[in-house]
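Novice: Structure: target13.pdb, PDB, N, CA and C atoms and all ligand atoms.
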```pdb
ATOM      1  N   MET T   1     -30.162 -21.496  17.401  1.00  0.00           N
ATOM      2  CA  MET T   1     -29.465 -20.375  16.771  1.00  0.00           C
ATOM      3  C   MET T   1     -27.956 -20.512  16.980  1.00  0.00           C
ATOM      4  N   PRO T   2     -27.170 -20.304  15.936  1.00  0.00           N
ATOM      5  CA  PRO T   2     -25.706 -20.414  16.089  1.00  0.00           C
ATOM      6  C   PRO T   2     -25.141 -19.243  16.862  1.00  0.00           C
ATOM      7  N   PRO T   3     -23.876 -19.371  17.313  1.00  0.00           N
ATOM      8  CA  PRO T   3     -23.242 -18.237  18.006  1.00  0.00           C
ATOM      9  C   PRO T   3     -23.149 -17.031  17.090  1.00  0.00           C
ATOM     10  N   VAL T   4     -23.602 -15.911  17.566  1.00  0.00           N
ATOM     11  CA  VAL T   4     -23.669 -14.693  16.769  1.00  0.00           C
ATOM     12  C   VAL T   4     -22.873 -13.599  17.489  1.00  0.00           C
ATOM     13  N   PRO T   5     -22.061 -12.805  16.776  1.00  0.00           N
ATOM     14  CA  PRO T   5     -21.340 -11.709  17.433  1.00  0.00           C
ATOM     15  C   PRO T   5     -22.306 -10.713  18.068  1.00  0.00           C
ATOM     16  N   LYS T   6     -21.930 -10.285  19.273  1.00  0.00           N
ATOM     17  CA  LYS T   6     -22.812  -9.391  20.023  1.00  0.00           C
ATOM     18  C   LYS T   6     -22.851  -7.995  19.407  1.00  0.00           C
ATOM     19  N   LYS T   7     -21.653  -7.565  18.913  1.00  0.00           N
ATOM     20  CA  LYS T   7     -21.553  -6.223  18.336  1.00  0.00           C
ATOM     21  C   LYS T   7     -20.998  -6.279  16.916  1.00  0.00           C
ATOM     22  N   LYS T   8     -21.415  -5.335  16.119  1.00  0.00           N
ATOM     23  CA  LYS T   8     -20.866  -5.202  14.774  1.00  0.00           C
ATOM     24  C   LYS T   8     -19.411  -4.732  14.872  1.00  0.00           C
ATOM     25  N   THR T   9     -18.520  -5.366  14.079  1.00  0.00           N
ATOM     26  CA  THR T   9     -17.112  -4.952  14.085  1.00  0.00           C
ATOM     27  C   THR T   9     -16.979  -3.618  13.366  1.00  0.00           C
ATOM     28  N   PRO T  10     -16.499  -2.582  14.067  1.00  0.00           N
ATOM     29  CA  PRO T  10     -16.362  -1.292  13.400  1.00  0.00           C
ATOM     30  C   PRO T  10     -15.290  -1.324  12.321  1.00  0.00           C
ATOM     31  N   LYS T  11     -15.398  -0.406  11.369  1.00  0.00           N
ATOM     32  CA  LYS T  11     -14.424  -0.352  10.267  1.00  0.00           C
ATOM     33  C   LYS T  11     -13.009  -0.144  10.791  1.00  0.00           C
ATOM     34  N   SER T  12     -12.884   0.622  11.889  1.00  0.00           N
ATOM     35  CA  SER T  12     -11.556   0.891  12.439  1.00  0.00           C
ATOM     36  C   SER T  12     -10.913  -0.394  12.957  1.00  0.00           C
ATOM     37  N   ARG T  13     -11.683  -1.217  13.649  1.00  0.00           N
ATOM     38  CA  ARG T  13     -11.159  -2.468  14.197  1.00  0.00           C
ATOM     39  C   ARG T  13     -10.844  -3.441  13.060  1.00  0.00           C
ATOM     40  N   GLN T  14     -11.730  -3.466  12.069  1.00  0.00           N
ATOM     41  CA  GLN T  14     -11.514  -4.326  10.895  1.00  0.00           C
ATOM     42  C   GLN T  14     -10.212  -3.944  10.185  1.00  0.00           C
ATOM     43  N   GLY T  15     -10.000  -2.631  10.063  1.00  0.00           N
ATOM     44  CA  GLY T  15      -8.783  -2.154   9.422  1.00  0.00           C
ATOM     45  C   GLY T  15      -7.542  -2.500  10.219  1.00  0.00           C
ATOM     46  N   LYS T  16      -7.631  -2.391  11.553  1.00  0.00           N
ATOM     47  CA  LYS T  16      -6.501  -2.732  12.426  1.00  0.00           C
ATOM     48  C   LYS T  16      -6.162  -4.211  12.283  1.00  0.00           C
ATOM     49  N   ARG T  17      -7.189  -5.067  12.181  1.00  0.00           N
ATOM     50  CA  ARG T  17      -6.959  -6.498  12.045  1.00  0.00           C
ATOM     51  C   ARG T  17      -6.294  -6.798  10.696  1.00  0.00           C
ATOM     52  N   ARG T  18      -6.768  -6.102   9.657  1.00  0.00           N
ATOM     53  CA  ARG T  18      -6.245  -6.364   8.317  1.00  0.00           C
ATOM     54  C   ARG T  18      -4.923  -5.654   8.040  1.00  0.00           C
ATOM     55  N   SER T  19      -4.441  -4.890   8.997  1.00  0.00           N
ATOM     56  CA  SER T  19      -3.184  -4.172   8.786  1.00  0.00           C
ATOM     57  C   SER T  19      -2.015  -5.134   8.641  1.00  0.00           C
ATOM     58  N   HIS T  20      -2.163  -6.383   9.101  1.00  0.00           N
ATOM     59  CA  HIS T  20      -1.088  -7.377   8.997  1.00  0.00           C
ATOM     60  C   HIS T  20      -1.249  -8.253   7.764  1.00  0.00           C
ATOM     61  N   LEU T  21      -2.278  -8.037   6.963  1.00  0.00           N
ATOM     62  CA  LEU T  21      -2.584  -8.947   5.860  1.00  0.00           C
ATOM     63  C   LEU T  21      -1.918  -8.552   4.543  1.00  0.00           C
ATOM     64  N   ARG T  22      -1.178  -7.470   4.516  1.00  0.00           N
ATOM     65  CA  ARG T  22      -0.621  -7.011   3.241  1.00  0.00           C
ATOM     66  C   ARG T  22       0.427  -7.998   2.725  1.00  0.00           C
ATOM     67  N   THR T  23       0.622  -7.993   1.404  1.00  0.00           N
ATOM     68  CA  THR T  23       1.674  -8.825   0.825  1.00  0.00           C
ATOM     69  C   THR T  23       2.964  -8.022   0.821  1.00  0.00           C
ATOM     70  N   ARG T  24       4.058  -8.722   1.000  1.00  0.00           N
ATOM     71  CA  ARG T  24       5.352  -8.048   1.106  1.00  0.00           C
ATOM     72  C   ARG T  24       5.988  -7.876  -0.269  1.00  0.00           C
ATOM     73  N   VAL T  25       6.689  -6.809  -0.438  1.00  0.00           N
ATOM     74  CA  VAL T  25       7.471  -6.589  -1.650  1.00  0.00           C
ATOM     75  C   VAL T  25       8.758  -7.403  -1.507  1.00  0.00           C
ATOM     76  N   VAL T  26       9.022  -8.304  -2.467  1.00  0.00           N
ATOM     77  CA  VAL T  26      10.212  -9.149  -2.349  1.00  0.00           C
ATOM     78  C   VAL T  26      11.440  -8.349  -2.764  1.00  0.00           C
ATOM     79  N   ALA T  27      12.500  -8.491  -1.963  1.00  0.00           N
ATOM     80  CA  ALA T  27      13.753  -7.787  -2.242  1.00  0.00           C
ATOM     81  C   ALA T  27      14.500  -8.521  -3.352  1.00  0.00           C
ATOM     82  N   THR T  28      14.879  -7.788  -4.379  1.00  0.00           N
ATOM     83  CA  THR T  28      15.593  -8.410  -5.494  1.00  0.00           C
ATOM     84  C   THR T  28      17.002  -7.831  -5.607  1.00  0.00           C
ATOM     85  N   THR T  29      17.902  -8.667  -6.059  1.00  0.00           N
ATOM     86  CA  THR T  29      19.270  -8.241  -6.334  1.00  0.00           C
ATOM     87  C   THR T  29      19.615  -8.637  -7.764  1.00  0.00           C
ATOM     88  N   LYS T  30      20.741  -8.150  -8.237  1.00  0.00           N
ATOM     89  CA  LYS T  30      21.169  -8.494  -9.587  1.00  0.00           C
ATOM     90  C   LYS T  30      21.917  -9.817  -9.556  1.00  0.00           C
ATOM     91  N   CYS T  31      21.634 -10.670 -10.540  1.00  0.00           N
ATOM     92  CA  CYS T  31      22.344 -11.940 -10.648  1.00  0.00           C
ATOM     93  C   CYS T  31      23.788 -11.664 -11.075  1.00  0.00           C
ATOM     94  N   PRO T  32      24.777 -12.228 -10.369  1.00  0.00           N
ATOM     95  CA  PRO T  32      26.167 -11.972 -10.772  1.00  0.00           C
ATOM     96  C   PRO T  32      26.548 -12.671 -12.069  1.00  0.00           C
ATOM     97  N   HIS T  33      25.723 -13.623 -12.514  1.00  0.00           N
ATOM     98  CA  HIS T  33      26.042 -14.373 -13.736  1.00  0.00           C
ATOM     99  C   HIS T  33      25.424 -13.747 -14.969  1.00  0.00           C
ATOM    100  N   CYS T  34      24.116 -13.416 -14.920  1.00  0.00           N
ATOM    101  CA  CYS T  34      23.456 -12.867 -16.108  1.00  0.00           C
ATOM    102  C   CYS T  34      22.941 -11.436 -15.893  1.00  0.00           C
ATOM    103  N   HIS T  35      23.126 -10.891 -14.691  1.00  0.00           N
ATOM    104  CA  HIS T  35      22.784  -9.500 -14.352  1.00  0.00           C
ATOM    105  C   HIS T  35      21.290  -9.186 -14.474  1.00  0.00           C
ATOM    106  N   SER T  36      20.443 -10.173 -14.408  1.00  0.00           N
ATOM    107  CA  SER T  36      19.005  -9.924 -14.394  1.00  0.00           C
ATOM    108  C   SER T  36      18.532  -9.905 -12.937  1.00  0.00           C
ATOM    109  N   PRO T  37      17.437  -9.195 -12.642  1.00  0.00           N
ATOM    110  CA  PRO T  37      16.976  -9.159 -11.249  1.00  0.00           C
ATOM    111  C   PRO T  37      16.522 -10.524 -10.762  1.00  0.00           C
ATOM    112  N   LYS T  38      16.953 -10.877  -9.576  1.00  0.00           N
ATOM    113  CA  LYS T  38      16.549 -12.149  -8.966  1.00  0.00           C
ATOM    114  C   LYS T  38      16.412 -11.952  -7.474  1.00  0.00           C
ATOM    115  N   GLN T  39      15.725 -12.892  -6.820  1.00  0.00           N
ATOM    116  CA  GLN T  39      15.576 -12.843  -5.379  1.00  0.00           C
ATOM    117  C   GLN T  39      16.886 -13.271  -4.727  1.00  0.00           C
ATOM    118  N   SER T  40      17.280 -12.566  -3.671  1.00  0.00           N
ATOM    119  CA  SER T  40      18.513 -12.919  -3.005  1.00  0.00           C
ATOM    120  C   SER T  40      18.378 -14.262  -2.290  1.00  0.00           C
ATOM    121  N   HIS T  41      19.460 -15.017  -2.232  1.00  0.00           N
ATOM    122  CA  HIS T  41      19.537 -16.353  -1.639  1.00  0.00           C
ATOM    123  C   HIS T  41      18.630 -17.350  -2.344  1.00  0.00           C
ATOM    124  N   ARG T  42      18.356 -17.085  -3.642  1.00  0.00           N
ATOM    125  CA  ARG T  42      17.556 -18.003  -4.447  1.00  0.00           C
ATOM    126  C   ARG T  42      18.304 -18.271  -5.748  1.00  0.00           C
ATOM    127  N   VAL T  43      17.998 -19.413  -6.353  1.00  0.00           N
ATOM    128  CA  VAL T  43      18.579 -19.723  -7.651  1.00  0.00           C
ATOM    129  C   VAL T  43      18.004 -18.744  -8.673  1.00  0.00           C
ATOM    130  N   CYS T  44      18.840 -18.242  -9.563  1.00  0.00           N
ATOM    131  CA  CYS T  44      18.393 -17.291 -10.567  1.00  0.00           C
ATOM    132  C   CYS T  44      17.410 -17.976 -11.523  1.00  0.00           C
ATOM    133  N   PRO T  45      16.198 -17.399 -11.705  1.00  0.00           N
ATOM    134  CA  PRO T  45      15.216 -18.047 -12.590  1.00  0.00           C
ATOM    135  C   PRO T  45      15.564 -17.907 -14.071  1.00  0.00           C
ATOM    136  N   THR T  46      16.464 -16.990 -14.400  1.00  0.00           N
ATOM    137  CA  THR T  46      16.811 -16.755 -15.810  1.00  0.00           C
ATOM    138  C   THR T  46      17.907 -17.715 -16.279  1.00  0.00           C
ATOM    139  N   CYS T  47      18.993 -17.833 -15.503  1.00  0.00           N
ATOM    140  CA  CYS T  47      20.108 -18.674 -15.946  1.00  0.00           C
ATOM    141  C   CYS T  47      20.270 -19.922 -15.086  1.00  0.00           C
ATOM    142  N   GLY T  48      19.567 -20.008 -13.949  1.00  0.00           N
ATOM    143  CA  GLY T  48      19.649 -21.200 -13.113  1.00  0.00           C
ATOM    144  C   GLY T  48      20.928 -21.310 -12.320  1.00  0.00           C
ATOM    145  N   TYR T  49      21.654 -20.205 -12.162  1.00  0.00           N
ATOM    146  CA  TYR T  49      22.923 -20.253 -11.451  1.00  0.00           C
ATOM    147  C   TYR T  49      22.754 -19.864  -9.992  1.00  0.00           C
ATOM    148  N   TYR T  50      23.525 -20.501  -9.157  1.00  0.00           N
ATOM    149  CA  TYR T  50      23.602 -20.122  -7.760  1.00  0.00           C
ATOM    150  C   TYR T  50      24.992 -20.462  -7.255  1.00  0.00           C
ATOM    151  N   LYS T  51      25.604 -19.538  -6.551  1.00  0.00           N
ATOM    152  CA  LYS T  51      26.953 -19.686  -5.988  1.00  0.00           C
ATOM    153  C   LYS T  51      27.988 -20.026  -7.064  1.00  0.00           C
ATOM    154  N   GLY T  52      27.839 -19.394  -8.239  1.00  0.00           N
ATOM    155  CA  GLY T  52      28.840 -19.544  -9.276  1.00  0.00           C
ATOM    156  C   GLY T  52      28.763 -20.810 -10.109  1.00  0.00           C
ATOM    157  N   ARG T  53      27.729 -21.632  -9.900  1.00  0.00           N
ATOM    158  CA  ARG T  53      27.593 -22.834 -10.718  1.00  0.00           C
ATOM    159  C   ARG T  53      26.131 -23.014 -11.111  1.00  0.00           C
ATOM    160  N   GLU T  54      25.888 -23.836 -12.136  1.00  0.00           N
ATOM    161  CA  GLU T  54      24.530 -24.069 -12.594  1.00  0.00           C
ATOM    162  C   GLU T  54      23.848 -25.041 -11.641  1.00  0.00           C
ATOM    163  N   ALA T  55      22.871 -24.536 -10.895  1.00  0.00           N
ATOM    164  CA  ALA T  55      22.191 -25.373  -9.899  1.00  0.00           C
ATOM    165  C   ALA T  55      20.995 -26.088 -10.517  1.00  0.00           C
ATOM    166  N   ILE T  56      20.262 -25.403 -11.408  1.00  0.00           N
ATOM    167  CA  ILE T  56      19.122 -26.008 -12.077  1.00  0.00           C
ATOM    168  C   ILE T  56      19.236 -25.720 -13.569  1.00  0.00           C
ATOM    169  N   THR T  57      18.619 -26.565 -14.383  1.00  0.00           N
ATOM    170  CA  THR T  57      18.614 -26.332 -15.820  1.00  0.00           C
ATOM    171  C   THR T  57      17.338 -25.577 -16.175  1.00  0.00           C
ATOM    172  N   VAL T  58      17.514 -24.375 -16.751  1.00  0.00           N
ATOM    173  CA  VAL T  58      16.368 -23.539 -17.094  1.00  0.00           C
ATOM    174  C   VAL T  58      16.007 -23.777 -18.566  1.00  0.00           C
ATOM    175  N   GLY T  59      14.718 -23.835 -18.846  1.00  0.00           N
ATOM    176  CA  GLY T  59      14.259 -24.018 -20.211  1.00  0.00           C
ATOM    177  C   GLY T  59      13.376 -25.225 -20.356  1.00  0.00           C
ATOM    178  N   LYS T  60      13.878 -26.391 -19.904  1.00  0.00           N
ATOM    179  CA  LYS T  60      13.069 -27.601 -19.973  1.00  0.00           C
ATOM    180  C   LYS T  60      12.322 -27.799 -18.662  1.00  0.00           C
ATOM    181  N   PRO T  61      11.016 -27.989 -18.698  1.00  0.00           N
ATOM    182  CA  PRO T  61      10.302 -28.274 -17.446  1.00  0.00           C
ATOM    183  C   PRO T  61      10.624 -29.690 -16.958  1.00  0.00           C
ATOM    184  N   GLU T  62      11.040 -29.758 -15.689  1.00  0.00           N
ATOM    185  CA  GLU T  62      11.426 -31.055 -15.141  1.00  0.00           C
ATOM    186  C   GLU T  62      10.187 -31.832 -14.720  1.00  0.00           C
ATOM    187  N   LEU T  63      10.043 -33.036 -15.293  1.00  0.00           N
ATOM    188  CA  LEU T  63       8.898 -33.872 -14.965  1.00  0.00           C
ATOM    189  C   LEU T  63       9.279 -34.845 -13.853  1.00  0.00           C
ATOM    190  N   PRO T  64       8.390 -35.049 -12.891  1.00  0.00           N
ATOM    191  CA  PRO T  64       8.732 -35.918 -11.767  1.00  0.00           C
ATOM    192  C   PRO T  64       8.694 -37.406 -12.080  1.00  0.00           C
ATOM    193  N   GLU T  65       8.387 -37.769 -13.335  1.00  0.00           N
ATOM    194  CA  GLU T  65       8.294 -39.198 -13.652  1.00  0.00           C
ATOM    195  C   GLU T  65       9.649 -39.859 -13.763  1.00  0.00           C
TER     196      GLU T  65
HETATM  197 ZN    ZN Z 101      21.252 -15.377 -13.618  1.00  0.00          ZN
END
```
How does this structure look as structure tokens?
Ligand SMILES: [Zn+2]
Specialist:
Amino acid sequence: MPPVPKKKTPKSRQGKRRSHLRTRVVATTKCPHCHSPKQSHRVCPTCGYYKGREAITVGKPELPE
């Protein structure tokens, strides 16, 4: 017989364990270039700008080949 829990986990304990499992709401700021909401300290997904210059080209999917 495999190892089996001695006691059933109560709903309260299960809930306490899962209290850390929630997903976080990401904080968004306005892009200074195109004014659309974007994640702070990330390249803007709409215009591809970061720190006042174009960091990535948006529109064409970049292929790794
Ligand atoms: Zn932008």
Novice: Env of stretch 21-38 of chain T: 8 Å cut, atoms = all atoms listed in the file, seq-sep filter 4 positions within chain, self excluded. Answer as a PyMOL selection string.
Specialist: chain T and resi 16-17+42-47+49-50+52
Novice: So how many Å separate atom N of T:Pro2 and atom CA of T:Gly15, to one decimal?
Specialist: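 Interatomic distance here is 26.6 Å.
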Novice: For atom CA of T:Glu54 and atom CA of T:His41, determine how far apart the two atoms are, in Å to one decimal place.
Specialist: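 Atom CA of T:Glu54 sits 14.3 Å away from atom CA of T:His41.
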Novice: Using Å and a single decimal, report how far atom N of T:Gln39 sits from atom C of T:Ile56.
Specialist: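 Atom N of T:Gln39 lies at a distance of 14.9 Å from atom C of T:Ile56.
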Novice: Between T:Val4, T:Arg18, T:Ser12, T:Gly48, which one has atoms that come closest to ligand ZN 101 (chain Z), using only N, CA and C atoms and all ligand atoms?
Specialist: T:Gly48
Novice: Among the residues of chain T, find those DSSP assigns to alpha helix (DSSP H) from the backbone and print them as a ChimeraX atom specification.
Specialist: /T:11-18
Novice: Going by DSSP on the backbone, which residues of chain T come out as strand (DSSP E)? List them as a ChimeraX atom specification.
Specialist: /T:28-30,37-39,49-50,53-54
Novice: Edge lengths and centre, in Å to one decimal, as AutoDock Vina command-line options: that's what I need for the box along x, y and z that holds all listed atoms of stretch 30-44 of chain T plus 5 Å on each side.
Specialist:
```
--center_x 21.1 --center_y -13.9 --center_z -8.9 --size_x 21.0 --size_y 21.6 --size_z 24.5
```
